Amino acid sequence: MYNKAYGIIQTFAPLHVGATAGEESGNLNLIFRDQFTQTGIIPGSSIRGRLRSEKRLIKGEDEANYWYGKEAESGKPDSTTESIVKFEYASIIWLPVFCPGQPIVWVTCPRLLKRYQRINNKLKDETIPSPYTASQTLKALDIDGQQKLFFNFGFVTIEETKDLLPWLPLGEELPAVDVEDDAIAIIHDMSLYRQSRVALDKKEKKVKGGAFFNTEALPEDTILVFPIALIEIEDKTKKWQPFDGQDSTDIYLGGLESIGFGHCEMTLFM
């Protein structure tokens, strides 16, 4: 049997979890994406690895091995142990997008909300908002009697306005809109944080040959969710406390931490 829990991640800085290019490759460092919506994800292995590292720092190697499984040792078959805590990938619930006059609108789609509903048992009786439903705090433009939002790729027509607070995990009413599943991919690509980077020659202030490459990342204020399963253990005195007794903490996920990427707040709902 498993006990279920879930975590909410809010990014405080651009978040890059994906391919990393060497300075010589000159390619685009792409983020990992969901295969259907093509929106950014954080693999469960990345979440597990970071929490394992935090547990090792706070409680030591033995405690980390107990909760997250013992790592494989080269040349020793069956040297690993099963993890008590299991993580699935984190998917986007709400994605912040620049919108003239707002200036930020949080966007989602029914498929992303459906996964959030499966993870959060409190939402099981809620009806997923139909596409092009906006929150009551969203101030759209009135054009020919229709409420419209203007994004870089064109207009989105608002068909309904309702209270979306149950679907906003941080408990704050945000200017938000739900779009069609087939529209979220292009909106997602438009919203990504992108940065061009270079490597300089060690002796001269010039770019090394071929050492020019680009990085993409989820923007700050993205909200994601991931499910957690915990195996029931016989020792009832033991309790999984990844944040040393706290429900939430600041944490760094992904790569490029040294240049300001990956700062997040992670909150667990047990």
# chains A, B, ... in the order shown; residues from 1 in each chain; ligands from 1
$ residues_around --residues "A:Phe269" --least-positions-apart "4" --cutoff "10 Å" --atoms "only C-alpha atoms" --output "number ranges by chain"
A: 4-8, 120, 227-228, 247-248
$ select_by_dssp --residues "stretch 67-150 of chain A" --states "alpha helix (DSSP H)" --output "PyMOL selection string"
chain A and resi 67-68+110-119
$ closest_residue --among "A:Glu82, A:Ile119, A:Ala217, A:Glu180" --to "A:Met270" --atoms "only C-alpha atoms"
A:Ile119
$ select_by_dssp --residues "stretch 57-259 of chain A" --states "strand (DSSP E)" --output "PDB file with N, CA and C atoms, in the first residue's frame"
ATOM      1  N   VAL A  85      10.240   6.552  -0.837  1.00  0.00           N
ATOM      2  CA  VAL A  85       9.530   7.699  -1.402  1.00  0.00           C
ATOM      3  C   VAL A  85       9.705   7.683  -2.921  1.00  0.00           C
ATOM      4  N   LYS A  86       8.599   7.781  -3.643  1.00  0.00           N
ATOM      5  CA  LYS A  86       8.632   7.702  -5.102  1.00  0.00           C
ATOM      6  C   LYS A  86       8.028   8.973  -5.698  1.00  0.00           C
ATOM      7  N   PHE A  87       8.678   9.497  -6.724  1.00  0.00           N
ATOM      8  CA  PHE A  87       8.270  10.766  -7.328  1.00  0.00           C
ATOM      9  C   PHE A  87       7.928  10.564  -8.802  1.00  0.00           C
ATOM     10  N   ALA A  90       7.035  16.539 -12.529  1.00  0.00           N
ATOM     11  CA  ALA A  90       6.249  17.744 -12.237  1.00  0.00           C
ATOM     12  C   ALA A  90       5.799  18.365 -13.547  1.00  0.00           C
ATOM     13  N   SER A  91       4.507  18.606 -13.656  1.00  0.00           N
ATOM     14  CA  SER A  91       3.947  19.240 -14.854  1.00  0.00           C
ATOM     15  C   SER A  91       3.431  20.630 -14.502  1.00  0.00           C
ATOM     16  N   ILE A  92       3.309  21.455 -15.510  1.00  0.00           N
ATOM     17  CA  ILE A  92       2.830  22.823 -15.311  1.00  0.00           C
ATOM     18  C   ILE A  92       1.341  22.817 -14.972  1.00  0.00           C
ATOM     19  N   ILE A  93       0.972  23.638 -14.012  1.00  0.00           N
ATOM     20  CA  ILE A  93      -0.448  23.945 -13.785  1.00  0.00           C
ATOM     21  C   ILE A  93      -0.762  25.292 -14.428  1.00  0.00           C
ATOM     22  N   TRP A  94       0.050  26.290 -14.093  1.00  0.00           N
ATOM     23  CA  TRP A  94      -0.152  27.642 -14.633  1.00  0.00           C
ATOM     24  C   TRP A  94       1.170  28.201 -15.147  1.00  0.00           C
ATOM     25  N   LEU A  95       1.128  28.765 -16.327  1.00  0.00           N
ATOM     26  CA  LEU A  95       2.319  29.297 -16.995  1.00  0.00           C
ATOM     27  C   LEU A  95       2.154  30.801 -17.198  1.00  0.00           C
ATOM     28  N   PRO A  96       3.058  31.635 -16.680  1.00  0.00           N
ATOM     29  CA  PRO A  96       2.936  33.084 -16.873  1.00  0.00           C
ATOM     30  C   PRO A  96       3.359  33.505 -18.280  1.00  0.00           C
ATOM     31  N   VAL A  97       2.539  34.327 -18.907  1.00  0.00           N
ATOM     32  CA  VAL A  97       2.791  34.777 -20.271  1.00  0.00           C
ATOM     33  C   VAL A  97       2.631  36.287 -20.326  1.00  0.00           C
ATOM     34  N   PHE A  98       3.535  36.959 -21.028  1.00  0.00           N
ATOM     35  CA  PHE A  98       3.414  38.410 -21.188  1.00  0.00           C
ATOM     36  C   PHE A  98       2.209  38.731 -22.067  1.00  0.00           C
ATOM     37  N   ILE A 104       0.909  40.375 -17.106  1.00  0.00           N
ATOM     38  CA  ILE A 104       1.121  38.929 -17.078  1.00  0.00           C
ATOM     39  C   ILE A 104      -0.224  38.236 -16.951  1.00  0.00           C
ATOM     40  N   VAL A 105      -0.399  37.184 -17.748  1.00  0.00           N
ATOM     41  CA  VAL A 105      -1.573  36.325 -17.636  1.00  0.00           C
ATOM     42  C   VAL A 105      -1.069  34.901 -17.442  1.00  0.00           C
ATOM     43  N   TRP A 106      -1.645  34.191 -16.454  1.00  0.00           N
ATOM     44  CA  TRP A 106      -1.290  32.785 -16.236  1.00  0.00           C
ATOM     45  C   TRP A 106      -2.203  31.913 -17.088  1.00  0.00           C
ATOM     46  N   VAL A 107      -1.604  31.004 -17.853  1.00  0.00           N
ATOM     47  CA  VAL A 107      -2.339  30.220 -18.846  1.00  0.00           C
ATOM     48  C   VAL A 107      -2.224  28.736 -18.523  1.00  0.00           C
ATOM     49  N   THR A 108      -3.289  27.992 -18.773  1.00  0.00           N
ATOM     50  CA  THR A 108      -3.285  26.543 -18.627  1.00  0.00           C
ATOM     51  C   THR A 108      -4.186  25.948 -19.694  1.00  0.00           C
ATOM     52  N   THR A 133     -12.074  29.979 -20.543  1.00  0.00           N
ATOM     53  CA  THR A 133     -12.656  30.510 -19.317  1.00  0.00           C
ATOM     54  C   THR A 133     -11.588  31.318 -18.598  1.00  0.00           C
ATOM     55  N   ALA A 134     -11.934  32.524 -18.184  1.00  0.00           N
ATOM     56  CA  ALA A 134     -10.978  33.419 -17.531  1.00  0.00           C
ATOM     57  C   ALA A 134     -11.367  33.629 -16.077  1.00  0.00           C
ATOM     58  N   SER A 135     -10.389  33.991 -15.266  1.00  0.00           N
ATOM     59  CA  SER A 135     -10.652  34.324 -13.874  1.00  0.00           C
ATOM     60  C   SER A 135     -11.335  35.680 -13.784  1.00  0.00           C
ATOM     61  N   LEU A 141      -9.693  43.111 -23.086  1.00  0.00           N
ATOM     62  CA  LEU A 141     -10.121  44.226 -23.920  1.00  0.00           C
ATOM     63  C   LEU A 141     -11.503  43.944 -24.492  1.00  0.00           C
ATOM     64  N   ASP A 142     -12.358  44.952 -24.494  1.00  0.00           N
ATOM     65  CA  ASP A 142     -13.691  44.815 -25.092  1.00  0.00           C
ATOM     66  C   ASP A 142     -13.607  45.278 -26.542  1.00  0.00           C
ATOM     67  N   ILE A 143     -13.674  44.305 -27.464  1.00  0.00           N
ATOM     68  CA  ILE A 143     -13.586  44.611 -28.893  1.00  0.00           C
ATOM     69  C   ILE A 143     -14.835  44.062 -29.578  1.00  0.00           C
ATOM     70  N   GLN A 146     -16.876  41.654 -27.573  1.00  0.00           N
ATOM     71  CA  GLN A 146     -16.224  40.425 -27.126  1.00  0.00           C
ATOM     72  C   GLN A 146     -15.006  40.759 -26.282  1.00  0.00           C
ATOM     73  N   GLN A 147     -14.770  39.927 -25.256  1.00  0.00           N
ATOM     74  CA  GLN A 147     -13.612  40.104 -24.394  1.00  0.00           C
ATOM     75  C   GLN A 147     -12.426  39.370 -25.005  1.00  0.00           C
ATOM     76  N   LYS A 148     -11.345  40.103 -25.293  1.00  0.00           N
ATOM     77  CA  LYS A 148     -10.202  39.516 -25.973  1.00  0.00           C
ATOM     78  C   LYS A 148      -8.897  39.817 -25.243  1.00  0.00           C
ATOM     79  N   LEU A 149      -7.968  38.865 -25.323  1.00  0.00           N
ATOM     80  CA  LEU A 149      -6.590  39.053 -24.873  1.00  0.00           C
ATOM     81  C   LEU A 149      -5.698  39.076 -26.087  1.00  0.00           C
ATOM     82  N   PHE A 150      -4.685  39.917 -26.056  1.00  0.00           N
ATOM     83  CA  PHE A 150      -3.745  39.990 -27.167  1.00  0.00           C
ATOM     84  C   PHE A 150      -2.406  39.398 -26.760  1.00  0.00           C
ATOM     85  N   PHE A 151      -2.013  38.307 -27.431  1.00  0.00           N
ATOM     86  CA  PHE A 151      -0.689  37.740 -27.278  1.00  0.00           C
ATOM     87  C   PHE A 151       0.103  38.030 -28.548  1.00  0.00           C
ATOM     88  N   GLY A 154      -1.515  36.592 -31.678  1.00  0.00           N
ATOM     89  CA  GLY A 154      -2.857  37.015 -32.056  1.00  0.00           C
ATOM     90  C   GLY A 154      -3.778  37.162 -30.852  1.00  0.00           C
ATOM     91  N   PHE A 155      -5.077  37.166 -31.116  1.00  0.00           N
ATOM     92  CA  PHE A 155      -6.072  37.373 -30.076  1.00  0.00           C
ATOM     93  C   PHE A 155      -6.601  36.047 -29.543  1.00  0.00           C
ATOM     94  N   VAL A 156      -6.972  36.054 -28.263  1.00  0.00           N
ATOM     95  CA  VAL A 156      -7.712  34.963 -27.632  1.00  0.00           C
ATOM     96  C   VAL A 156      -9.029  35.552 -27.148  1.00  0.00           C
ATOM     97  N   THR A 157     -10.136  34.935 -27.543  1.00  0.00           N
ATOM     98  CA  THR A 157     -11.458  35.420 -27.160  1.00  0.00           C
ATOM     99  C   THR A 157     -11.933  34.716 -25.888  1.00  0.00           C
ATOM    100  N   ILE A 158     -12.279  35.502 -24.885  1.00  0.00           N
ATOM    101  CA  ILE A 158     -12.772  34.952 -23.618  1.00  0.00           C
ATOM    102  C   ILE A 158     -14.261  34.637 -23.769  1.00  0.00           C
ATOM    103  N   GLU A 160     -16.053  32.871 -21.191  1.00  0.00           N
ATOM    104  CA  GLU A 160     -16.712  32.775 -19.892  1.00  0.00           C
ATOM    105  C   GLU A 160     -15.785  33.300 -18.812  1.00  0.00           C
ATOM    106  N   THR A 161     -16.364  33.859 -17.757  1.00  0.00           N
ATOM    107  CA  THR A 161     -15.595  34.317 -16.602  1.00  0.00           C
ATOM    108  C   THR A 161     -16.153  33.637 -15.352  1.00  0.00           C
ATOM    109  N   LYS A 162     -15.257  33.076 -14.524  1.00  0.00           N
ATOM    110  CA  LYS A 162     -15.704  32.419 -13.299  1.00  0.00           C
ATOM    111  C   LYS A 162     -14.597  32.441 -12.261  1.00  0.00           C
ATOM    112  N   ALA A 176      -5.969  34.860 -14.981  1.00  0.00           N
ATOM    113  CA  ALA A 176      -5.673  33.555 -15.560  1.00  0.00           C
ATOM    114  C   ALA A 176      -6.704  33.192 -16.613  1.00  0.00           C
ATOM    115  N   VAL A 177      -6.310  32.296 -17.527  1.00  0.00           N
ATOM    116  CA  VAL A 177      -7.216  31.838 -18.570  1.00  0.00           C
ATOM    117  C   VAL A 177      -6.874  30.400 -18.941  1.00  0.00           C
ATOM    118  N   ASP A 178      -7.891  29.638 -19.258  1.00  0.00           N
ATOM    119  CA  ASP A 178      -7.773  28.248 -19.693  1.00  0.00           C
ATOM    120  C   ASP A 178      -7.975  28.220 -21.206  1.00  0.00           C
ATOM    121  N   TYR A 193      11.731  31.597 -21.221  1.00  0.00           N
ATOM    122  CA  TYR A 193      12.894  32.474 -21.032  1.00  0.00           C
ATOM    123  C   TYR A 193      14.029  31.934 -21.899  1.00  0.00           C
ATOM    124  N   ARG A 194      14.648  32.791 -22.696  1.00  0.00           N
ATOM    125  CA  ARG A 194      15.750  32.365 -23.551  1.00  0.00           C
ATOM    126  C   ARG A 194      16.938  33.292 -23.357  1.00  0.00           C
ATOM    127  N   GLN A 195      18.121  32.684 -23.339  1.00  0.00           N
ATOM    128  CA  GLN A 195      19.347  33.450 -23.116  1.00  0.00           C
ATOM    129  C   GLN A 195      20.446  32.922 -24.019  1.00  0.00           C
ATOM    130  N   SER A 196      21.129  33.825 -24.701  1.00  0.00           N
ATOM    131  CA  SER A 196      22.306  33.456 -25.494  1.00  0.00           C
ATOM    132  C   SER A 196      23.538  33.571 -24.619  1.00  0.00           C
ATOM    133  N   ARG A 197      24.416  32.581 -24.709  1.00  0.00           N
ATOM    134  CA  ARG A 197      25.602  32.552 -23.868  1.00  0.00           C
ATOM    135  C   ARG A 197      26.835  32.315 -24.724  1.00  0.00           C
ATOM    136  N   VAL A 198      27.958  32.805 -24.236  1.00  0.00           N
ATOM    137  CA  VAL A 198      29.231  32.613 -24.935  1.00  0.00           C
ATOM    138  C   VAL A 198      30.298  32.205 -23.926  1.00  0.00           C
ATOM    139  N   ALA A 199      31.351  31.596 -24.417  1.00  0.00           N
ATOM    140  CA  ALA A 199      32.540  31.322 -23.609  1.00  0.00           C
ATOM    141  C   ALA A 199      33.676  32.161 -24.169  1.00  0.00           C
ATOM    142  N   LEU A 200      34.348  32.895 -23.278  1.00  0.00           N
ATOM    143  CA  LEU A 200      35.425  33.772 -23.712  1.00  0.00           C
ATOM    144  C   LEU A 200      36.761  33.057 -23.671  1.00  0.00           C
ATOM    145  N   VAL A 207      35.298  35.780 -28.051  1.00  0.00           N
ATOM    146  CA  VAL A 207      34.585  34.510 -27.973  1.00  0.00           C
ATOM    147  C   VAL A 207      35.436  33.395 -28.555  1.00  0.00           C
ATOM    148  N   LYS A 208      35.467  32.268 -27.840  1.00  0.00           N
ATOM    149  CA  LYS A 208      36.132  31.092 -28.387  1.00  0.00           C
ATOM    150  C   LYS A 208      35.434  30.655 -29.672  1.00  0.00           C
ATOM    151  N   GLY A 209      36.151  30.056 -30.549  1.00  0.00           N
ATOM    152  CA  GLY A 209      35.565  29.569 -31.781  1.00  0.00           C
ATOM    153  C   GLY A 209      34.473  28.545 -31.515  1.00  0.00           C
ATOM    154  N   GLY A 210      33.253  28.807 -32.007  1.00  0.00           N
ATOM    155  CA  GLY A 210      32.144  27.875 -31.840  1.00  0.00           C
ATOM    156  C   GLY A 210      31.523  27.836 -30.468  1.00  0.00           C
ATOM    157  N   ALA A 211      31.989  28.699 -29.553  1.00  0.00           N
ATOM    158  CA  ALA A 211      31.486  28.640 -28.175  1.00  0.00           C
ATOM    159  C   ALA A 211      30.357  29.639 -27.960  1.00  0.00           C
ATOM    160  N   PHE A 212      29.366  29.567 -28.817  1.00  0.00           N
ATOM    161  CA  PHE A 212      28.168  30.397 -28.712  1.00  0.00           C
ATOM    162  C   PHE A 212      26.964  29.456 -28.685  1.00  0.00           C
ATOM    163  N   PHE A 213      26.146  29.548 -27.641  1.00  0.00           N
ATOM    164  CA  PHE A 213      25.009  28.644 -27.566  1.00  0.00           C
ATOM    165  C   PHE A 213      23.868  29.305 -26.797  1.00  0.00           C
ATOM    166  N   ASN A 214      22.687  28.737 -26.953  1.00  0.00           N
ATOM    167  CA  ASN A 214      21.465  29.303 -26.381  1.00  0.00           C
ATOM    168  C   ASN A 214      20.861  28.364 -25.343  1.00  0.00           C
ATOM    169  N   THR A 215      20.163  28.954 -24.398  1.00  0.00           N
ATOM    170  CA  THR A 215      19.498  28.188 -23.348  1.00  0.00           C
ATOM    171  C   THR A 215      18.050  28.635 -23.241  1.00  0.00           C
ATOM    172  N   GLU A 216      17.139  27.675 -23.077  1.00  0.00           N
ATOM    173  CA  GLU A 216      15.748  28.018 -22.802  1.00  0.00           C
ATOM    174  C   GLU A 216      15.362  27.497 -21.422  1.00  0.00           C
ATOM    175  N   ALA A 217      14.397  28.171 -20.788  1.00  0.00           N
ATOM    176  CA  ALA A 217      14.002  27.806 -19.428  1.00  0.00           C
ATOM    177  C   ALA A 217      12.564  28.220 -19.185  1.00  0.00           C
ATOM    178  N   ILE A 223       4.008  27.697 -12.104  1.00  0.00           N
ATOM    179  CA  ILE A 223       3.510  26.849 -11.013  1.00  0.00           C
ATOM    180  C   ILE A 223       3.363  25.425 -11.533  1.00  0.00           C
ATOM    181  N   LEU A 224       4.005  24.463 -10.851  1.00  0.00           N
ATOM    182  CA  LEU A 224       3.990  23.063 -11.265  1.00  0.00           C
ATOM    183  C   LEU A 224       3.532  22.176 -10.117  1.00  0.00           C
ATOM    184  N   VAL A 225       3.112  20.943 -10.457  1.00  0.00           N
ATOM    185  CA  VAL A 225       2.673  19.980  -9.452  1.00  0.00           C
ATOM    186  C   VAL A 225       3.297  18.624  -9.753  1.00  0.00           C
ATOM    187  N   PHE A 226       3.615  17.855  -8.689  1.00  0.00           N
ATOM    188  CA  PHE A 226       4.114  16.496  -8.871  1.00  0.00           C
ATOM    189  C   PHE A 226       3.553  15.600  -7.776  1.00  0.00           C
ATOM    190  N   PRO A 227       3.172  14.370  -8.133  1.00  0.00           N
ATOM    191  CA  PRO A 227       2.658  13.429  -7.128  1.00  0.00           C
ATOM    192  C   PRO A 227       3.774  12.672  -6.432  1.00  0.00           C
ATOM    193  N   ILE A 228       3.503  12.242  -5.214  1.00  0.00           N
ATOM    194  CA  ILE A 228       4.449  11.492  -4.385  1.00  0.00           C
ATOM    195  C   ILE A 228       3.725  10.263  -3.841  1.00  0.00           C
ATOM    196  N   ALA A 229       4.412   9.128  -3.827  1.00  0.00           N
ATOM    197  CA  ALA A 229       3.887   7.913  -3.191  1.00  0.00           C
ATOM    198  C   ALA A 229       4.885   7.451  -2.142  1.00  0.00           C
ATOM    199  N   LEU A 230       4.393   7.092  -0.966  1.00  0.00           N
ATOM    200  CA  LEU A 230       5.244   6.623   0.122  1.00  0.00           C
ATOM    201  C   LEU A 230       4.818   5.216   0.522  1.00  0.00           C
ATOM    202  N   ILE A 231       5.764   4.294   0.500  1.00  0.00           N
ATOM    203  CA  ILE A 231       5.491   2.930   0.948  1.00  0.00           C
ATOM    204  C   ILE A 231       5.235   2.940   2.449  1.00  0.00           C
ATOM    205  N   SER A 248       7.457  23.706   3.601  1.00  0.00           N
ATOM    206  CA  SER A 248       7.973  24.294   2.364  1.00  0.00           C
ATOM    207  C   SER A 248       9.370  24.846   2.591  1.00  0.00           C
ATOM    208  N   THR A 249      10.078  25.035   1.494  1.00  0.00           N
ATOM    209  CA  THR A 249      11.437  25.564   1.582  1.00  0.00           C
ATOM    210  C   THR A 249      11.860  26.118   0.230  1.00  0.00           C
ATOM    211  N   ASP A 250      12.827  27.014   0.249  1.00  0.00           N
ATOM    212  CA  ASP A 250      13.488  27.438  -0.985  1.00  0.00           C
ATOM    213  C   ASP A 250      14.452  26.341  -1.408  1.00  0.00           C
ATOM    214  N   ILE A 251      14.499  26.072  -2.686  1.00  0.00           N
ATOM    215  CA  ILE A 251      15.325  24.984  -3.186  1.00  0.00           C
ATOM    216  C   ILE A 251      15.766  25.312  -4.600  1.00  0.00           C
ATOM    217  N   TYR A 252      16.886  24.734  -5.029  1.00  0.00           N
ATOM    218  CA  TYR A 252      17.367  24.924  -6.403  1.00  0.00           C
ATOM    219  C   TYR A 252      17.179  23.633  -7.175  1.00  0.00           C
TER     220      TYR A 252
END
$ residues_around --residues "A:Trp240" --least-positions-apart "3" --cutoff "12 Å" --atoms "only C-alpha atoms" --output "number ranges by chain"
A: 3, 5, 51-52, 55, 59, 63-64, 66-68, 83-86, 228-233, 235-237, 243-247, 268, 270
$ closest_residue --among "A:Leu57, A:Leu174, A:Ile186, A:Leu15" --to "A:Gln102" --atoms "only C-alpha atoms"
A:Leu174
$ atom_distance --atom1 "atom CA of A:Tyr116" --atom2 "atom CA of A:Met266"
15.8 Å
$ atom_distance --atom1 "atom CA of A:Pro219" --atom2 "atom CA of A:Gln10"
10.2 Å
$ closest_residue --among "A:Leu112, A:Leu253, A:Ile41, A:Ile31" --to "A:Glu265" --atoms "only C-alpha atoms"
A:Leu253
$ closest_residue --among "A:Gln35, A:Ser191, A:Thr81, A:Gln241" --to "A:Asp221" --atoms "only C-alpha atoms"
A:Ser191
$ atom_distance --atom1 "atom CA of A:Ile47" --atom2 "atom CA of A:Gly254"
8.8 Å
